[in-house]
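S.K.: Provided herewith: start34.cif, mmCIF, C-alpha atoms and all ligand atoms.
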```
data_protein
loop_
_atom_site.label_atom_id
_atom_site.label_comp_id
_atom_site.auth_asym_id
_atom_site.auth_seq_id
_atom_site.Cartn_x
_atom_site.Cartn_y
_atom_site.Cartn_z
CA MET N 806 -33.00 -49.97 36.26
CA SER N 807 -30.46 -50.43 33.48
CA PHE N 808 -30.15 -48.89 30.02
CA SER N 809 -30.59 -52.33 28.46
CA SER N 810 -34.17 -52.54 29.75
CA LEU N 811 -35.16 -49.30 28.04
CA GLY N 812 -35.31 -50.72 24.53
CA LEU N 813 -32.02 -49.42 23.17
CA SER N 814 -29.79 -51.35 20.74
CA PRO N 815 -26.65 -53.04 22.09
CA SER N 816 -24.45 -50.60 20.09
CA PHE N 817 -25.58 -47.84 22.44
CA LEU N 818 -24.89 -49.86 25.54
CA LYS N 819 -21.21 -50.03 24.67
CA THR N 820 -21.03 -46.28 24.14
CA LEU N 821 -22.90 -45.56 27.36
CA SER N 822 -20.62 -47.68 29.46
CA GLU N 823 -17.58 -46.11 27.78
CA GLN N 824 -18.98 -42.72 28.76
CA GLY N 825 -19.49 -43.79 32.36
CA TYR N 826 -23.29 -43.72 32.12
CA THR N 827 -23.79 -46.72 34.37
CA GLU N 828 -27.51 -46.34 34.84
CA PRO N 829 -30.19 -44.07 33.42
CA TYR N 830 -31.06 -40.83 35.17
CA PRO N 831 -34.76 -40.52 36.16
CA ILE N 832 -35.63 -38.41 33.12
CA GLN N 833 -34.03 -41.00 30.85
CA GLU N 834 -35.95 -43.85 32.49
CA LYS N 835 -39.19 -42.08 31.75
CA ALA N 836 -38.52 -40.35 28.44
CA ILE N 837 -36.64 -43.02 26.48
CA PRO N 838 -39.39 -45.69 26.37
CA ALA N 839 -42.10 -43.07 25.75
CA ILE N 840 -40.20 -41.48 22.87
CA LEU N 841 -39.47 -44.90 21.38
CA GLU N 842 -43.22 -45.57 21.45
CA GLY N 843 -43.80 -42.40 19.45
CA LYS N 844 -45.44 -40.40 22.23
CA ASP N 845 -45.30 -36.62 22.61
CA ILE N 846 -43.40 -35.47 25.68
CA LEU N 847 -43.60 -32.53 28.02
CA ALA N 848 -40.57 -32.63 30.30
CA ILE N 849 -39.95 -30.08 33.00
CA ALA N 850 -36.27 -30.53 33.59
CA GLN N 851 -33.15 -28.47 34.00
CA THR N 852 -29.77 -28.66 32.39
CA GLY N 853 -27.91 -31.21 34.46
CA SER N 854 -30.80 -33.67 34.67
CA GLY N 855 -29.49 -35.69 31.73
CA LYS N 856 -32.23 -34.37 29.44
CA THR N 857 -30.08 -34.23 26.31
CA ALA N 858 -29.38 -37.96 26.28
CA SER N 859 -33.04 -38.57 27.18
CA PHE N 860 -34.09 -37.39 23.74
CA ALA N 861 -30.88 -38.02 21.77
CA LEU N 862 -30.77 -41.76 22.53
CA PRO N 863 -34.31 -42.69 21.39
CA ILE N 864 -34.07 -40.35 18.38
CA LEU N 865 -30.83 -42.06 17.29
CA GLU N 866 -32.35 -45.48 17.97
CA LYS N 867 -35.23 -44.69 15.63
CA ILE N 868 -33.31 -42.93 12.91
CA GLN N 869 -30.49 -45.43 12.58
CA HIS N 870 -32.71 -47.65 10.43
CA GLU N 871 -33.79 -44.83 8.13
CA GLU N 872 -32.27 -43.48 4.93
CA PRO N 873 -31.51 -39.75 4.79
CA LEU N 874 -34.33 -37.83 3.10
CA LYS N 875 -33.74 -36.32 -0.33
CA ASN N 876 -33.44 -32.70 -1.43
CA ARG N 877 -32.39 -31.07 1.83
CA HIS N 878 -35.32 -32.37 3.85
CA VAL N 879 -34.42 -33.14 7.47
CA SER N 880 -36.10 -35.81 9.61
CA VAL N 881 -35.35 -34.47 13.07
CA LEU N 882 -35.24 -30.83 14.13
CA VAL N 883 -33.89 -29.81 17.54
CA LEU N 884 -34.46 -26.13 18.32
CA VAL N 885 -32.28 -24.59 21.01
CA PRO N 886 -31.93 -21.03 22.34
CA THR N 887 -28.17 -20.43 22.12
CA ARG N 888 -25.17 -21.29 19.99
CA GLU N 889 -23.43 -22.87 22.94
CA LEU N 890 -26.33 -25.20 23.57
CA ALA N 891 -26.49 -26.05 19.86
CA ALA N 892 -22.81 -27.02 19.95
CA GLN N 893 -23.30 -28.99 23.15
CA VAL N 894 -26.36 -30.91 21.94
CA ASN N 895 -24.51 -31.67 18.71
CA GLU N 896 -21.63 -33.06 20.73
CA VAL N 897 -23.95 -35.34 22.73
CA PHE N 898 -25.66 -36.65 19.58
CA ASN N 899 -22.32 -37.37 17.93
CA LEU N 900 -20.91 -39.00 20.99
CA LEU N 901 -23.91 -41.28 21.41
CA ALA N 902 -23.96 -42.15 17.69
CA ASP N 903 -20.32 -43.14 17.81
CA ASN N 904 -20.62 -46.92 17.75
CA LEU N 905 -23.65 -47.22 15.51
CA PRO N 906 -23.21 -49.50 12.50
CA ARG N 907 -24.34 -46.78 10.11
CA ARG N 908 -23.15 -43.16 10.16
CA ILE N 909 -25.89 -40.68 10.97
CA ASN N 910 -25.58 -37.22 9.48
CA ILE N 911 -25.96 -34.65 12.27
CA LEU N 912 -25.44 -30.91 11.93
CA ALA N 913 -25.69 -27.89 14.23
CA VAL N 914 -26.43 -24.49 12.70
CA TYR N 915 -26.39 -21.17 14.54
CA GLY N 916 -25.74 -17.50 13.91
CA GLY N 917 -22.53 -15.59 14.48
CA VAL N 918 -20.61 -17.67 11.98
CA SER N 919 -20.66 -17.67 8.19
CA ILE N 920 -23.81 -19.20 6.68
CA ASN N 921 -22.31 -20.60 3.48
CA PRO N 922 -20.50 -23.63 4.93
CA GLN N 923 -23.71 -24.50 6.79
CA MET N 924 -25.70 -24.31 3.53
CA ILE N 925 -23.27 -26.67 1.84
CA ARG N 926 -23.21 -29.12 4.72
CA LEU N 927 -27.01 -29.33 4.94
CA GLN N 928 -27.17 -31.77 2.04
CA GLY N 929 -28.15 -35.19 3.39
CA VAL N 930 -28.50 -34.07 7.02
CA GLN N 931 -30.85 -36.25 9.07
CA ILE N 932 -30.72 -34.53 12.46
CA LEU N 933 -30.53 -30.75 12.46
CA ILE N 934 -29.84 -28.80 15.65
CA ALA N 935 -30.54 -25.10 15.21
CA THR N 936 -31.07 -21.75 16.84
CA PRO N 937 -34.27 -20.12 15.56
CA GLY N 938 -32.82 -17.08 13.75
CA ARG N 939 -30.26 -18.96 11.69
CA LEU N 940 -32.72 -21.75 10.92
CA LEU N 941 -35.13 -19.22 9.40
CA GLU N 942 -32.36 -17.71 7.28
CA LEU N 943 -31.58 -21.18 5.97
CA VAL N 944 -35.24 -21.99 5.34
CA ASP N 945 -35.76 -18.67 3.56
CA SER N 946 -32.84 -19.35 1.28
CA LYS N 947 -34.14 -22.88 0.62
CA ALA N 948 -31.01 -24.47 2.01
CA VAL N 949 -33.21 -26.70 4.18
CA HIS N 950 -36.82 -27.92 4.10
CA LEU N 951 -38.86 -28.73 7.16
CA SER N 952 -42.03 -30.18 5.67
CA ASP N 953 -40.96 -33.80 6.27
CA VAL N 954 -39.80 -33.41 9.87
CA LYS N 955 -40.88 -36.44 11.86
CA VAL N 956 -39.57 -35.44 15.28
CA LEU N 957 -39.37 -31.93 16.70
CA VAL N 958 -37.50 -31.17 19.91
CA LEU N 959 -37.84 -27.80 21.63
CA ASP N 960 -35.00 -27.72 24.11
CA GLU N 961 -35.05 -25.09 26.87
CA ALA N 962 -38.30 -23.75 25.46
CA ASP N 963 -38.68 -21.25 28.32
CA LYS N 964 -35.28 -19.78 27.59
CA MET N 965 -36.12 -19.56 23.90
CA LEU N 966 -39.26 -17.60 24.73
CA ASN N 967 -37.45 -15.43 27.30
CA LEU N 968 -34.86 -14.51 24.72
CA GLY N 969 -37.62 -13.18 22.48
CA PHE N 970 -37.77 -16.00 19.95
CA ARG N 971 -41.54 -16.27 20.09
CA ASP N 972 -42.22 -14.95 16.58
CA GLU N 973 -39.41 -16.99 15.09
CA MET N 974 -40.71 -20.11 16.81
CA THR N 975 -44.23 -19.50 15.50
CA ARG N 976 -42.88 -19.09 11.97
CA ILE N 977 -40.80 -22.25 12.25
CA LEU N 978 -43.79 -24.23 13.51
CA SER N 979 -45.76 -23.08 10.46
CA PHE N 980 -43.24 -24.81 8.17
CA LEU N 981 -43.51 -28.11 10.01
CA PRO N 982 -46.07 -30.81 9.26
CA SER N 983 -48.82 -31.10 11.86
CA LYS N 984 -48.36 -34.85 12.09
CA LYS N 985 -45.06 -35.44 13.85
CA GLN N 986 -43.70 -36.34 17.26
CA ASN N 987 -43.19 -33.31 19.51
CA LEU N 988 -40.82 -33.27 22.46
CA LEU N 989 -40.91 -30.18 24.64
CA PHE N 990 -38.25 -29.60 27.28
CA SER N 991 -38.35 -26.63 29.62
CA ALA N 992 -36.86 -25.76 33.00
CA THR N 993 -40.07 -24.00 34.03
CA LEU N 994 -43.69 -24.15 32.99
CA SER N 995 -44.34 -20.48 32.25
CA GLU N 996 -47.55 -19.20 30.69
CA GLU N 997 -45.79 -18.90 27.35
CA VAL N 998 -44.50 -22.45 27.50
CA THR N 999 -48.02 -23.62 28.33
CA HIS N 1000 -49.23 -21.75 25.24
CA ILE N 1001 -46.73 -23.56 22.99
CA GLU N 1002 -47.58 -26.81 24.70
CA GLY N 1003 -51.26 -26.28 23.85
CA LEU N 1004 -50.41 -25.58 20.21
CA LEU N 1005 -48.08 -28.47 19.79
CA LEU N 1006 -48.51 -31.44 22.06
CA LYS N 1007 -51.07 -34.18 21.65
CA ASP N 1008 -51.80 -36.21 24.75
CA PRO N 1009 -48.21 -35.87 25.97
CA VAL N 1010 -46.45 -37.98 28.54
CA VAL N 1011 -45.65 -35.43 31.24
CA ILE N 1012 -42.34 -35.84 33.02
CA LYS N 1013 -41.51 -33.61 35.92
CA ILE N 1014 -38.09 -34.02 37.39
CA ALA N 1015 -38.11 -32.76 40.96
CA ASP N 1016 -36.54 -29.35 40.69
CA ASP N 1017 -32.97 -30.33 40.21
CA SER N 1018 -31.64 -26.96 41.23
CA GLU N 1019 -33.07 -27.51 44.71
CA GLY N 1020 -31.52 -30.92 44.93
CA ASN N 1021 -28.25 -29.49 43.76
CA ILE N 1022 -28.40 -26.57 46.14
CA GLU N 1023 -27.96 -28.96 49.03
CA LEU N 1024 -24.69 -30.07 47.47
CA ILE N 1025 -23.38 -26.54 47.04
CA THR N 1026 -21.53 -24.73 49.79
CA GLN N 1027 -22.74 -21.18 49.46
CA SER N 1028 -21.00 -18.23 51.04
CA ALA N 1029 -20.93 -14.49 50.54
CA TYR N 1030 -18.85 -11.43 51.37
CA HIS N 1031 -19.98 -7.91 52.11
CA VAL N 1032 -17.62 -5.82 50.04
CA SER N 1033 -17.53 -2.37 48.50
CA GLU N 1034 -17.68 -2.17 44.71
CA GLU N 1035 -14.04 -0.97 44.48
CA ARG N 1036 -12.73 -3.86 46.55
CA LYS N 1037 -14.54 -6.58 44.59
CA GLY N 1038 -11.70 -7.06 42.09
CA PRO N 1039 -8.95 -7.40 44.71
CA LEU N 1040 -11.18 -9.63 46.85
CA LEU N 1041 -11.87 -11.92 43.89
CA ARG N 1042 -8.15 -12.26 43.21
CA TYR N 1043 -7.47 -12.81 46.91
CA LEU N 1044 -10.06 -15.61 47.06
CA ILE N 1045 -8.71 -17.28 43.92
CA LYS N 1046 -5.12 -17.16 45.16
CA GLN N 1047 -5.74 -17.93 48.82
CA ASN N 1048 -8.00 -20.88 48.09
CA ASN N 1049 -5.82 -21.99 45.19
CA LEU N 1050 -8.89 -22.19 42.94
CA LYS N 1051 -8.03 -23.91 39.69
CA GLN N 1052 -11.27 -23.65 37.74
CA VAL N 1053 -13.58 -20.76 38.52
CA LEU N 1054 -16.62 -19.48 36.66
CA VAL N 1055 -17.25 -15.82 37.48
CA PHE N 1056 -20.55 -14.13 36.66
CA THR N 1057 -21.04 -10.45 35.94
CA SER N 1058 -24.22 -8.74 34.87
CA SER N 1059 -22.87 -6.90 31.86
CA VAL N 1060 -20.61 -7.58 28.90
CA PHE N 1061 -18.57 -4.51 29.79
CA LYS N 1062 -17.98 -5.76 33.32
CA ALA N 1063 -17.11 -9.27 32.13
CA ASP N 1064 -14.34 -7.84 29.94
CA ALA N 1065 -13.12 -5.53 32.68
CA VAL N 1066 -12.95 -8.30 35.30
CA ALA N 1067 -11.16 -10.68 32.93
CA ASN N 1068 -8.63 -7.97 31.97
CA LYS N 1069 -7.89 -7.16 35.60
CA LEU N 1070 -7.39 -10.82 36.42
CA ARG N 1071 -4.96 -11.22 33.55
CA ASN N 1072 -3.08 -8.06 34.54
CA ASN N 1073 -2.65 -9.65 37.94
CA GLY N 1074 -1.25 -12.89 36.65
CA ILE N 1075 -4.42 -15.00 36.67
CA ASP N 1076 -5.30 -16.67 33.38
CA ALA N 1077 -8.81 -15.49 32.51
CA SER N 1078 -11.10 -15.04 29.48
CA ALA N 1079 -14.49 -13.42 29.12
CA ILE N 1080 -17.32 -15.20 27.32
CA HIS N 1081 -20.40 -13.23 26.31
CA SER N 1082 -22.65 -12.35 23.40
CA LYS N 1083 -20.33 -9.69 21.95
CA LYS N 1084 -17.49 -12.16 21.47
CA SER N 1085 -17.15 -13.95 18.16
CA GLN N 1086 -18.35 -17.52 18.06
CA GLY N 1087 -14.77 -18.69 17.56
CA ALA N 1088 -13.54 -16.85 20.65
CA ARG N 1089 -16.44 -18.18 22.74
CA GLN N 1090 -15.87 -21.73 21.62
CA GLU N 1091 -12.14 -21.50 22.24
CA ALA N 1092 -12.52 -20.05 25.74
CA LEU N 1093 -15.14 -22.64 26.64
CA SER N 1094 -13.11 -25.59 25.46
CA LYS N 1095 -9.95 -24.35 27.17
CA PHE N 1096 -11.93 -23.82 30.35
CA LYS N 1097 -13.59 -27.23 30.12
CA SER N 1098 -10.29 -28.99 29.68
CA GLY N 1099 -8.76 -27.17 32.64
CA LYS N 1100 -6.36 -25.07 30.57
CA LEU N 1101 -8.05 -21.78 31.46
CA GLN N 1102 -8.24 -20.95 35.15
CA VAL N 1103 -11.05 -18.39 35.18
CA MET N 1104 -13.90 -17.83 32.79
CA VAL N 1105 -15.93 -14.66 33.24
CA ALA N 1106 -19.45 -14.95 31.85
CA THR N 1107 -22.73 -13.10 31.57
CA ASP N 1108 -26.09 -14.71 32.35
CA LEU N 1109 -26.80 -15.64 28.77
CA MET N 1110 -24.11 -18.28 29.18
CA ALA N 1111 -25.36 -19.52 32.53
CA ARG N 1112 -27.77 -22.20 31.43
CA GLY N 1113 -26.12 -23.84 28.50
CA ILE N 1114 -22.73 -24.42 30.01
CA ASP N 1115 -22.25 -28.01 30.97
CA ILE N 1116 -18.97 -28.72 32.66
CA LYS N 1117 -18.46 -31.82 34.69
CA PHE N 1118 -17.16 -31.25 38.22
CA LEU N 1119 -16.96 -27.46 38.09
CA PRO N 1120 -15.72 -26.74 41.61
CA CYS N 1121 -16.44 -23.04 42.02
CA VAL N 1122 -18.79 -20.30 40.85
CA VAL N 1123 -18.38 -16.66 41.88
CA ASN N 1124 -21.13 -14.07 41.59
CA TYR N 1125 -19.11 -10.92 41.05
CA GLU N 1126 -22.43 -9.16 40.73
CA LEU N 1127 -25.81 -10.63 41.62
CA PRO N 1128 -28.20 -11.48 38.81
CA ARG N 1129 -31.50 -9.65 38.71
CA SER N 1130 -33.69 -12.69 39.20
CA PRO N 1131 -33.43 -15.26 41.97
CA LYS N 1132 -33.99 -17.93 39.33
CA ASP N 1133 -30.84 -16.84 37.53
CA TYR N 1134 -28.97 -17.02 40.82
CA ILE N 1135 -29.98 -20.66 41.10
CA HIS N 1136 -29.04 -21.34 37.50
CA ARG N 1137 -25.69 -19.70 37.98
CA ILE N 1138 -24.74 -21.59 41.08
CA GLY N 1139 -26.21 -24.72 39.51
CA ARG N 1140 -23.14 -24.81 37.23
CA THR N 1141 -21.39 -26.26 40.26
CA GLY N 1142 -22.61 -29.21 42.30
CA ARG N 1143 -23.85 -30.93 39.15
CA ALA N 1144 -24.13 -34.60 38.40
CA GLU N 1145 -24.00 -35.32 42.10
CA ASN N 1146 -20.72 -33.55 42.85
CA ALA N 1147 -20.23 -31.02 45.59
CA GLY N 1148 -19.37 -27.45 44.62
CA MET N 1149 -18.78 -24.00 46.03
CA ALA N 1150 -20.55 -20.74 45.23
CA ILE N 1151 -19.30 -17.39 46.48
CA SER N 1152 -21.21 -14.11 46.10
CA LEU N 1153 -19.65 -10.67 46.39
CA ILE N 1154 -22.30 -8.37 47.80
CA SER N 1155 -21.95 -4.60 47.55
CA PRO N 1156 -24.01 -2.39 49.90
CA GLU N 1157 -26.46 -1.71 47.03
CA GLU N 1158 -26.98 -5.45 46.55
CA GLU N 1159 -27.64 -6.37 50.18
CA HIS N 1160 -31.39 -6.02 50.00
CA HIS N 1161 -31.56 -7.97 46.76
CA PHE N 1162 -29.48 -10.77 48.23
CA LYS N 1163 -31.99 -11.09 51.09
CA ILE N 1164 -34.74 -11.57 48.52
CA ILE N 1165 -32.71 -14.21 46.69
CA GLN N 1166 -32.13 -16.16 49.90
CA LYS N 1167 -35.81 -15.96 50.77
CA LYS N 1168 -36.87 -17.22 47.33
CA MET N 1169 -34.32 -20.01 47.52
CA GLY N 1170 -35.48 -20.90 51.03
CA LYS N 1171 -31.93 -21.06 52.27
CA LYS N 1172 -29.79 -18.70 54.30
CA VAL N 1173 -26.28 -17.99 53.12
CA GLU N 1174 -23.51 -17.21 55.55
CA ILE N 1175 -22.19 -13.70 54.90
CA ASN N 1176 -18.64 -12.76 55.84
CA GLU N 1177 -17.36 -9.26 56.38
CA SER N 1178 -14.38 -8.46 54.18
CA GLU N 1179 -13.20 -5.18 55.66
CA SER N 1180 -10.57 -6.81 57.84
CA ILE N 1181 -9.10 -8.78 54.94
CA ASP N 1182 -5.83 -7.20 53.86
CA LEU N 1183 -6.09 -6.93 50.08
CA HIS N 1184 -2.78 -5.23 49.59
CA GLY N 1185 -0.96 -6.69 46.63
CA TYR N 1186 -4.05 -8.35 45.15
P1 LIG N 1201 -27.72 -32.57 30.48
O1 LIG N 1201 -28.82 -32.34 31.48
O2 LIG N 1201 -28.20 -33.22 29.25
O3 LIG N 1201 -26.99 -31.26 30.21
O4 LIG N 1201 -26.66 -33.60 31.11
C1 LIG N 1201 -25.95 -33.31 32.28
C2 LIG N 1201 -24.66 -34.11 32.43
O5 LIG N 1201 -24.94 -35.43 32.89
C3 LIG N 1201 -23.85 -34.29 31.17
O6 LIG N 1201 -22.49 -34.05 31.50
C4 LIG N 1201 -24.03 -35.74 30.76
O7 LIG N 1201 -22.89 -36.23 30.10
C5 LIG N 1201 -24.23 -36.40 32.11
N1 LIG N 1201 -25.13 -37.59 32.04
C6 LIG N 1201 -26.32 -37.67 31.41
N2 LIG N 1201 -26.89 -38.86 31.63
C7 LIG N 1201 -26.07 -39.57 32.41
C8 LIG N 1201 -26.09 -40.88 33.00
N3 LIG N 1201 -27.12 -41.69 32.82
N4 LIG N 1201 -25.04 -41.25 33.78
C9 LIG N 1201 -24.00 -40.41 33.97
N5 LIG N 1201 -23.90 -39.17 33.46
C10 LIG N 1201 -24.92 -38.74 32.69
#
```
Would it be possible to restate this file's structure as structure tokens?
M.R.:
Amino acid sequence: MSFSSLGLSPSFLKTLSEQGYTEPYPIQEKAIPAILEGKDILAIAQTGSGKTASFALPILEKIQHEEPLKNRHVSVLVLVPTRELAAQVNEVFNLLADNLPRRINILAVYGGVSINPQMIRLQGVQILIATPGRLLELVDSKAVHLSDVKVLVLDEADKMLNLGFRDEMTRILSFLPSKKQNLLFSATLSEEVTHIEGLLLKDPVVIKIADDSEGNIELITQSAYHVSEERKGPLLRYLIKQNNLKQVLVFTSSVFKADAVANKLRNNGIDASAIHSKKSQGARQEALSKFKSGKLQVMVATDLMARGIDIKFLPCVVNYELPRSPKDYIHRIGRTGRAENAGMAISLISPEEEHHFKIIQKKMGKKVEINESESIDLHGY
């Protein structure tokens, strides 16, 4: 199947081939024609499946023939759980709109940065990508109106609900017209997602992409080390130096730990930055773009960052501490081995975490080889 058979204009085909999208991913094959037909969609798909382009392309196809609405009314609203995802979705929309004959006005709004520039820029916006909290602030101050929205996308709806955005989402839905096209994307079909689905979707086309994380897991070489808490730092540095790892994403379970690990790495001559919710948006964005472009060797992140981060060919993920849920483990290691590339995931397991790691392996249905680290000489690391 080719993109040209999905009903997209030739201007997109040029962009897609420039971007190396040679053929549509399964979710794109299914979603693009259905969205172009005006159908509601329920897609169970993870980050990495190509879901962003699966809604961005048909939305752009439809909107390119429309005039911007007047008086701060937007036509398309994409709700996302985190600032990083907002920035990423914005990037995909802009990239795909690049060769269109007419400029489409796209804006991402999220908290953590000043609201005034966003208010000013909202004039004439056609596609608005927003996190729930900031969107409500903008609606409340009449900087944007949602009553003419024609297409609503809920991206990573499960994450949005997990992060406690339920009330905000309900309020946002109350501002939207009932007659519109609704596109719901979620990695899992939780009870809460099913509730939203019931409220929102009319006779949806259901797309279930075979759990991508499982597919990916086969591509990921997983290993682990038994190691005491005190030796985790030196072992991490040893692994980075010995294996000459150039681009490593390290996960910790707290903001405090993320900062501490990044500091220690830097003190030992390894270029590292922490990225977590307590950092300013500017600092997060800067670390992420340096890391993406290969200018930052190690990025230390908390779980909040795990899902949204999309980096092509990330070779290595390290679990400095295990996440609480096995699902988060899969999401974390899923940052590697994406888009059909092999990756490596290493977990550092303290004695307290051993039992939990057994549960994770059982849930994942895969055994991970565990190495002992006692005999490794960590002097000088
Ligand atoms: P997403 O699931 O939207 O986060 O996309 C995952 C990654 O796949 C992104 O880096 C996209 O640029 C890439 N991608 C999406 N669709 C295609 C495609 N048809 N061919 C090649 N790469 C793609």
S.K.: Output as lines of an AutoDock Vina configuration file the centre and edge lengths (Å, one decimal) of the box along x, y and z of the file that holds every listed atom of segment 980-998 of chain N after adding 5 Å on each side.
M.R.:
```
center_x = -42.8
center_y = -27.6
center_z = 21.1
size_x = 22.0
size_y = 27.4
size_z = 35.9
```
S.K.: Using all atoms listed in the file, can you list as a VMD selection string the residues within 12 Å of (-45.3, -21.2, 26.1)?
M.R.: chain N and resid 847 959 961 to 967 969 to 972 974 to 975 989 to 1006
S.K.: At most 6 Å is the cut-off: for each residue in chain N with any atom that close to an atom of ligand LIG 1201 (chain N), write down the nearest atom pair and the distance in Å rounded to one decimal, counting all atoms listed in the file, chain first then increasing number, as JSON lines.
M.R.:
```
{"residue": "N:Gly825", "atom": "CA", "partner": "N:LIG1201", "partner_atom": "C9", "distance": 5.9}
{"residue": "N:Tyr826", "atom": "CA", "partner": "N:LIG1201", "partner_atom": "N4", "distance": 3.5}
{"residue": "N:Thr827", "atom": "CA", "partner": "N:LIG1201", "partner_atom": "N4", "distance": 5.6}
{"residue": "N:Glu828", "atom": "CA", "partner": "N:LIG1201", "partner_atom": "N3", "distance": 5.1}
{"residue": "N:Pro829", "atom": "CA", "partner": "N:LIG1201", "partner_atom": "N3", "distance": 3.9}
{"residue": "N:Tyr830", "atom": "CA", "partner": "N:LIG1201", "partner_atom": "N3", "distance": 4.7}
{"residue": "N:Thr852", "atom": "CA", "partner": "N:LIG1201", "partner_atom": "O1", "distance": 3.9}
{"residue": "N:Gly853", "atom": "CA", "partner": "N:LIG1201", "partner_atom": "O1", "distance": 3.3}
{"residue": "N:Ser854", "atom": "CA", "partner": "N:LIG1201", "partner_atom": "O1", "distance": 4.0}
{"residue": "N:Gly855", "atom": "CA", "partner": "N:LIG1201", "partner_atom": "O1", "distance": 3.4}
{"residue": "N:Lys856", "atom": "CA", "partner": "N:LIG1201", "partner_atom": "O2", "distance": 4.2}
{"residue": "N:Thr857", "atom": "CA", "partner": "N:LIG1201", "partner_atom": "O2", "distance": 3.6}
{"residue": "N:Ala858", "atom": "CA", "partner": "N:LIG1201", "partner_atom": "O2", "distance": 5.7}
{"residue": "N:Asp1115", "atom": "CA", "partner": "N:LIG1201", "partner_atom": "O3", "distance": 5.8}
{"residue": "N:Lys1117", "atom": "CA", "partner": "N:LIG1201", "partner_atom": "O6", "distance": 5.6}
{"residue": "N:Ala1144", "atom": "CA", "partner": "N:LIG1201", "partner_atom": "O5", "distance": 5.6}
```
S.K.: Which residues of segment 970-1058 of chain N come within 12 Å of segment 1098-1111 of chain N, and what is each one's closest atom pair and distance in Å (one decimal), counting all atoms listed in the file, sorted by chain and residue number, as JSON lines?
M.R.:
```
{"residue": "N:Leu1041", "atom": "CA", "partner": "N:Val1103", "partner_atom": "CA", "distance": 10.9}
{"residue": "N:Arg1042", "atom": "CA", "partner": "N:Val1103", "partner_atom": "CA", "distance": 10.5}
{"residue": "N:Ile1045", "atom": "CA", "partner": "N:Val1103", "partner_atom": "CA", "distance": 9.1}
{"residue": "N:Lys1046", "atom": "CA", "partner": "N:Gln1102", "partner_atom": "CA", "distance": 11.1}
{"residue": "N:Asn1049", "atom": "CA", "partner": "N:Gln1102", "partner_atom": "CA", "distance": 10.4}
{"residue": "N:Leu1050", "atom": "CA", "partner": "N:Gln1102", "partner_atom": "CA", "distance": 7.9}
{"residue": "N:Lys1051", "atom": "CA", "partner": "N:Gln1102", "partner_atom": "CA", "distance": 5.4}
{"residue": "N:Gln1052", "atom": "CA", "partner": "N:Gln1102", "partner_atom": "CA", "distance": 4.8}
{"residue": "N:Val1053", "atom": "CA", "partner": "N:Val1103", "partner_atom": "CA", "distance": 4.8}
{"residue": "N:Leu1054", "atom": "CA", "partner": "N:Met1104", "partner_atom": "CA", "distance": 5.0}
{"residue": "N:Val1055", "atom": "CA", "partner": "N:Val1105", "partner_atom": "CA", "distance": 4.6}
{"residue": "N:Phe1056", "atom": "CA", "partner": "N:Ala1106", "partner_atom": "CA", "distance": 5.0}
{"residue": "N:Thr1057", "atom": "CA", "partner": "N:Thr1107", "partner_atom": "CA", "distance": 5.4}
{"residue": "N:Ser1058", "atom": "CA", "partner": "N:Thr1107", "partner_atom": "CA", "distance": 5.7}
```
S.K.: Could you jot down the atom CA of Phe1162 of chain N to atom CA of Ala1077 of chain N separation for me, Å, one decimal place?
M.R.: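 The value is 26.4 Å.
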S.K.: Could you tell me which of N:Val954, N:Val949, N:Leu941, N:Ile1154 comes closest to Val883 of chain N if we count all atoms listed in the file?
M.R.: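 Distance minimum relative to Val883 of chain N lands on N:Val954.
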S.K.: Got a sec: who's within 9 Å of Ile1138 of chain N, counting only C-alpha atoms, leaving out chain neighbours fewer than 4 positions off, as an MDAnalysis selection string?
M.R.: chainID N and resid 1018 1022 1025 1027 1111 1121:1124 1133:1134 1142 1148:1151
S.K.: Go ahead and find all residues with at least one atom no further than 9 Å from (-29.3, -38.7, 3.4) in the file's coordinates, using all atoms listed in the file; report them as number ranges by chain.
M.R.: N: 871-879, 909-910, 928-931
S.K.: Between atom CA of Asn1073 of chain N and atom CA of Glu1157 of chain N, measure the distance and give it in Å to one decimal.
M.R.: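 For atom CA of Asn1073 of chain N relative to atom CA of Glu1157 of chain N, the distance reads 26.7 Å.
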S.K.: Calculate how many Å separate atom CA of Arg926 of chain N from atom CA of Lys947 of chain N, rounding to one decimal.
M.R.: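 Those two atoms sit 13.2 Å apart.
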S.K.: With only C-alpha atoms as the basis for distance, which of N:Asn899, N:Ser809, N:Gln986, N:Ser952 is at the shortest distance from Ala839 of chain N?
M.R.: N:Gln986
S.K.: Just want the 9 Å neighbourhood of Val1066 of chain N, counted on only C-alpha atoms, with same-chain residues fewer than 2 positions away dropped. Output as a compact mmCIF listing (two decimals) with C-alpha atoms, in the frame of the given file.
M.R.:
```txt
# COMPACT_ATOMS: atom_id res chain seq x y z
CA GLY N 1038 -11.70 -7.06 42.09
CA VAL N 1055 -17.25 -15.82 37.48
CA THR N 1057 -21.04 -10.45 35.94
CA PHE N 1061 -18.57 -4.51 29.79
CA LYS N 1062 -17.98 -5.76 33.32
CA ALA N 1063 -17.11 -9.27 32.13
CA ASP N 1064 -14.34 -7.84 29.94
CA ASN N 1068 -8.63 -7.97 31.97
CA LYS N 1069 -7.89 -7.16 35.60
CA LEU N 1070 -7.39 -10.82 36.42
CA ARG N 1071 -4.96 -11.22 33.55
CA ALA N 1077 -8.81 -15.49 32.51
CA ALA N 1079 -14.49 -13.42 29.12
CA VAL N 1105 -15.93 -14.66 33.24
CA TYR N 1125 -19.11 -10.92 41.05
```
S.K.: List the spatial neighbours of Tyr1030 of chain N as a list in words - criterion: any atom at most 10 Å away, all atoms listed in the file, same-chain residues fewer than 5 positions off excluded.
M.R.: Lys1037, Leu1040, Ile1151, Ser1152, Leu1153, Ile1154, Ser1155, Glu1174, Ile1175, Asn1176, Glu1177, Ser1178 and Glu1179 of chain N
